[in-house]
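This is coords_6.pdb. It holds PDB, C-alpha atoms, pLDDT in the B column.
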ATOM      1  CA  MET N  17     100.721 121.692 103.457  1.00 49.00           C
ATOM      2  CA  THR N  18      98.004 121.789 106.083  1.00 50.00           C
ATOM      3  CA  MET N  19      96.607 124.787 107.868  1.00 57.00           C
ATOM      4  CA  PRO N  20      97.120 124.934 111.652  1.00 60.00           C
ATOM      5  CA  ASP N  21      93.500 124.023 112.378  1.00 65.00           C
ATOM      6  CA  GLU N  22      93.415 121.133 109.864  1.00 68.00           C
ATOM      7  CA  GLU N  23      94.364 117.580 110.636  1.00 66.00           C
ATOM      8  CA  PRO N  24      97.120 116.150 108.414  1.00 60.00           C
ATOM      9  CA  VAL N  25      95.983 113.759 105.703  1.00 58.00           C
ATOM     10  CA  TRP N  26      97.799 110.431 105.504  1.00 53.00           C
ATOM     11  CA  LEU N  27      97.862 109.002 102.016  1.00 54.00           C
ATOM     12  CA  ASP N  28      99.075 105.558 103.020  1.00 55.00           C
ATOM     13  CA  ASP N  29      96.544 104.413 105.632  1.00 53.00           C
ATOM     14  CA  ALA N  30      96.479 100.909 104.166  1.00 55.00           C
ATOM     15  CA  ALA N  31     100.183 100.425 104.899  1.00 50.00           C
ATOM     16  CA  GLY N  32      99.567  99.782 108.574  1.00 52.00           C
ATOM     17  CA  PRO N  33     102.274 100.153 111.191  1.00 53.00           C
ATOM     18  CA  VAL N  34     105.785 100.392 109.778  1.00 54.00           C
ATOM     19  CA  VAL N  35     108.346  98.208 111.526  1.00 56.00           C
ATOM     20  CA  ARG N  36     111.875  97.878 110.236  1.00 59.00           C
ATOM     21  CA  PRO N  37     112.910  94.297 109.400  1.00 62.00           C
ATOM     22  CA  TYR N  38     115.884  94.425 111.797  1.00 56.00           C
ATOM     23  CA  ALA N  39     113.458  95.168 114.626  1.00 59.00           C
ATOM     24  CA  VAL N  40     111.466  92.047 113.724  1.00 63.00           C
ATOM     25  CA  THR N  41     114.609  89.884 113.671  1.00 63.00           C
ATOM     26  CA  GLY N  42     116.110  91.272 116.871  1.00 64.00           C
ATOM     27  CA  GLY N  43     118.904  93.024 114.976  1.00 61.00           C
ATOM     28  CA  ARG N  44     119.997  89.994 112.978  1.00 69.00           C
ATOM     29  CA  ALA N  45     120.434  90.899 109.337  1.00 67.00           C
ATOM     30  CA  LYS N  46     122.106  87.877 107.745  1.00 75.00           C
ATOM     31  CA  PRO N  47     120.345  84.516 107.645  1.00 77.00           C
ATOM     32  CA  ALA N  48     122.411  81.393 108.226  1.00 80.00           C
ATOM     33  CA  ASN N  49     120.523  79.742 105.361  1.00 85.00           C
ATOM     34  CA  SER N  50     120.100  80.540 101.689  1.00 82.00           C
ATOM     35  CA  PHE N  51     116.750  78.891 101.078  1.00 86.00           C
ATOM     36  CA  ASN N  52     115.285  79.102  97.598  1.00 86.00           C
ATOM     37  CA  VAL N  53     112.105  81.176  97.273  1.00 86.00           C
ATOM     38  CA  VAL N  54     110.204  78.022  96.307  1.00 88.00           C
ATOM     39  CA  ALA N  55     111.511  76.006  99.271  1.00 91.00           C
ATOM     40  CA  ILE N  56     108.619  74.452 101.177  1.00 94.00           C
ATOM     41  CA  VAL N  57     108.148  75.445 104.827  1.00 96.00           C
ATOM     42  CA  LEU N  58     106.170  73.105 107.082  1.00 96.00           C
ATOM     43  CA  SER N  59     105.503  73.318 110.817  1.00 95.00           C
ATOM     44  CA  THR N  60     106.541  70.252 112.764  1.00 94.00           C
ATOM     45  CA  ARG N  61     104.283  71.091 115.711  1.00 87.00           C
ATOM     46  CA  SER N  62     101.671  73.623 116.738  1.00 80.00           C
ATOM     47  CA  ALA N  63     102.491  77.110 117.931  1.00 68.00           C
ATOM     48  CA  PRO N  64     103.982  77.206 121.431  1.00 70.00           C
ATOM     49  CA  PRO N  65     102.649  79.281 124.306  1.00 68.00           C
ATOM     50  CA  SER N  66     103.894  82.881 124.269  1.00 68.00           C
ATOM     51  CA  GLU N  67     106.230  82.353 127.216  1.00 60.00           C
ATOM     52  CA  VAL N  68     108.511  80.099 125.143  1.00 72.00           C
ATOM     53  CA  GLY N  69     110.189  83.185 123.680  1.00 76.00           C
ATOM     54  CA  ILE N  70     108.891  82.995 120.127  1.00 83.00           C
ATOM     55  CA  ALA N  71     108.427  86.350 118.396  1.00 84.00           C
ATOM     56  CA  PRO N  72     104.897  87.123 117.170  1.00 86.00           C
ATOM     57  CA  GLU N  73     106.071  86.848 113.550  1.00 88.00           C
ATOM     58  CA  GLN N  74     107.590  83.430 114.250  1.00 91.00           C
ATOM     59  CA  ALA N  75     104.343  82.271 115.837  1.00 90.00           C
ATOM     60  CA  LYS N  76     102.537  83.431 112.690  1.00 92.00           C
ATOM     61  CA  ILE N  77     104.941  81.384 110.557  1.00 94.00           C
ATOM     62  CA  ILE N  78     104.270  78.290 112.673  1.00 94.00           C
ATOM     63  CA  HIS N  79     100.522  78.840 112.375  1.00 93.00           C
ATOM     64  CA  LEU N  80     100.626  79.525 108.611  1.00 94.00           C
ATOM     65  CA  CYS N  81     102.817  76.540 107.868  1.00 95.00           C
ATOM     66  CA  GLN N  82     100.546  73.917 109.400  1.00 95.00           C
ATOM     67  CA  ARG N  83     100.094  73.183 105.716  1.00 95.00           C
ATOM     68  CA  PRO N  84     103.084  73.364 103.344  1.00 96.00           C
ATOM     69  CA  LEU N  85     103.820  76.827 101.967  1.00 95.00           C
ATOM     70  CA  ALA N  86     106.590  78.136  99.736  1.00 93.00           C
ATOM     71  CA  LEU N  87     109.010  80.572 101.360  1.00 93.00           C
ATOM     72  CA  ALA N  88     107.776  83.328  99.029  1.00 91.00           C
ATOM     73  CA  GLU N  89     104.173  82.678 100.133  1.00 94.00           C
ATOM     74  CA  VAL N  90     105.140  82.963 103.795  1.00 94.00           C
ATOM     75  CA  ALA N  91     106.823  86.307 103.081  1.00 91.00           C
ATOM     76  CA  ALA N  92     103.754  87.509 101.173  1.00 92.00           C
ATOM     77  CA  HIS N  93     101.334  86.479 103.933  1.00 93.00           C
ATOM     78  CA  LEU N  94     103.379  88.326 106.554  1.00 91.00           C
ATOM     79  CA  SER N  95     104.237  91.289 104.284  1.00 86.00           C
ATOM     80  CA  LEU N  96     107.909  90.898 105.181  1.00 87.00           C
ATOM     81  CA  PRO N  97     111.005  90.714 102.958  1.00 86.00           C
ATOM     82  CA  LEU N  98     112.368  87.271 102.072  1.00 87.00           C
ATOM     83  CA  GLY N  99     115.600  87.964 103.968  1.00 87.00           C
ATOM     84  CA  THR N 100     113.655  88.692 107.139  1.00 88.00           C
ATOM     85  CA  ILE N 101     111.683  85.461 106.778  1.00 92.00           C
ATOM     86  CA  ARG N 102     114.937  83.533 106.281  1.00 92.00           C
ATOM     87  CA  VAL N 103     116.346  85.003 109.520  1.00 91.00           C
ATOM     88  CA  LEU N 104     113.156  84.143 111.423  1.00 92.00           C
ATOM     89  CA  LEU N 105     113.283  80.598 110.033  1.00 94.00           C
ATOM     90  CA  ASP N 106     116.813  80.134 111.417  1.00 92.00           C
ATOM     91  CA  GLY N 107     115.464  80.350 114.970  1.00 89.00           C
ATOM     92  CA  LEU N 108     112.426  78.204 114.263  1.00 92.00           C
ATOM     93  CA  ILE N 109     114.537  75.473 112.664  1.00 93.00           C
ATOM     94  CA  ALA N 110     116.994  75.516 115.578  1.00 91.00           C
ATOM     95  CA  GLN N 111     114.087  75.071 118.022  1.00 90.00           C
ATOM     96  CA  GLY N 112     112.490  72.352 115.918  1.00 91.00           C
ATOM     97  CA  PHE N 113     109.280  74.212 115.091  1.00 93.00           C
ATOM     98  CA  VAL N 114     109.596  74.065 111.302  1.00 94.00           C
ATOM     99  CA  GLN N 115     111.371  72.167 108.590  1.00 96.00           C
ATOM    100  CA  VAL N 116     112.311  73.548 105.198  1.00 95.00           C
ATOM    101  CA  ASN N 117     112.582  71.358 102.125  1.00 93.00           C
ATOM    102  CA  GLU N 118     114.520  72.686  99.165  1.00 88.00           C
ATOM    103  CA  PRO N 119     113.297  71.835  95.666  1.00 83.00           C
ATOM    104  CA  ARG N 120     115.176  69.091  93.922  1.00 78.00           C
ATOM    105  CA  GLN N 121     117.408  70.268  91.149  1.00 69.00           C
ATOM    106  CA  ALA N 122     117.114  68.653  87.782  1.00 52.00           C
ATOM    107  CA  ALA N 123     120.086  66.429  87.031  1.00 54.00           C
ATOM    108  CA  THR N 124     120.602  68.124  83.681  1.00 63.00           C
ATOM    109  CA  LEU N 125     118.916  71.057  82.069  1.00 61.00           C
ATOM    110  CA  PRO N 126     118.092  71.012  78.371  1.00 68.00           C
ATOM    111  CA  ASP N 127     120.264  73.173  76.172  1.00 73.00           C
ATOM    112  CA  ASP N 128     119.096  76.604  75.027  1.00 74.00           C
ATOM    113  CA  SER N 129     117.766  75.296  71.708  1.00 79.00           C
ATOM    114  CA  VAL N 130     114.859  73.618  73.523  1.00 80.00           C
ATOM    115  CA  PHE N 131     113.868  76.886  75.189  1.00 75.00           C
ATOM    116  CA  GLU N 132     114.279  78.820  71.938  1.00 81.00           C
ATOM    117  CA  ALA N 133     112.005  76.350  70.134  1.00 82.00           C
ATOM    118  CA  LEU N 134     109.447  76.654  72.917  1.00 82.00           C
ATOM    119  CA  ILE N 135     109.484  80.445  72.767  1.00 81.00           C
ATOM    120  CA  ASN N 136     109.201  80.427  68.978  1.00 82.00           C
ATOM    121  CA  GLY N 137     106.283  78.009  69.175  1.00 83.00           C
ATOM    122  CA  LEU N 138     104.506  80.208  71.714  1.00 84.00           C
ATOM    123  CA  ARG N 139     105.014  83.290  69.540  1.00 83.00           C
ATOM    124  CA  GLN N 140     103.303  81.547  66.650  1.00 84.00           C
ATOM    125  CA  LEU N 141     100.144  80.941  68.676  1.00 80.00           C
TER
END
Mind turning this structure into structure tokens?
Amino acid sequence: MTMPDEEPVWLDDAAGPVVRPYAVTGGRAKPANSFNVVAIVLSTRSAPPSEVGIAPEQAKIIHLCQRPLALAEVAAHLSLPLGTIRVLLDGLIAQGFVQVNEPRQAATLPDDSVFEALINGLRQL
């Protein structure tokens, strides 16, 4: 509690401005995609002028992804939840600003005995 003549102390100055994810996505909450967190995001062209109607966060994604980045890295750089990034990517993909490449799935995974042997071997180190 602060006294009337004291200024309140904020303990979370490093947090910066708080903006709800739905405000960033224009109210959209569900992405049309279900990209894996390790999917690679790559810009197909440079950031457009601001009058094209790209949100500031989308422009940041385009700028960041001039080199390939995983979806999780994009979210970390922008300090936004993965779901929010997925929603923002929907618009960028539709406008042709980015492409997203999913990781290839292995044709067959080894059975659990391989993983158990690996874990046991690591424990013995």
Check: With only C-alpha atoms as the basis for distance, which of N:Pro84, N:Pro72, N:Gly112, N:Gly99 is at the shortest distance from Ala48 in chain N?
Finding: N:Gly99
Check: What is the distance, in Å and to one decimal place, between CA of Phe131 in chain N and CA of Ser50 in chain N?
Finding: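 Computing it gives 27.5 Å between the two atoms.
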Next item on the list: Using all atoms listed in the file, find the one residue out of N:Ile56, N:Ile77, N:Val116, N:Leu141 that sits nearest to Thr100 in chain N.
Entry: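 Ranked by minimum distance to Thr100 in chain N, first place goes to N:Ile77.
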Note to self: For Glu89 in chain N, find every residue with an atom within 10 Å (counting all atoms listed in the file), except residues of its own chain fewer than 5 positions away, and show them as a PyMOL selection string.
What the structure shows: chain N and resi 53-57+80-81+84+94-95+98
Margin query: The residues within 9 Å of (105.6, 71.3, 117.1), using all atoms listed in the file and the coordinates of the file, should be reported as a count of residues only; which are they?
Written below: 10
Notebook entry, point to check: Which distance in Å separates CA of Arg120 in chain N and CA of Lys76 in chain N, to one decimal?
Noted result: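 That distance, rounded to one decimal, is 26.8 Å.
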Next item on the list: Please measure the separation of CA of Leu105 in chain N and CA of Lys46 in chain N, giving the value in Å to one decimal.
Entry: 11.7 Å
Notebook entry, point to check: Nearest to Phe51 in chain N: which of N:Gln115, N:Gln74, N:Gln140, N:Ser129 is it, counting only C-alpha atoms?
Noted result: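 Smallest distance to Phe51 in chain N is found for N:Gln115.
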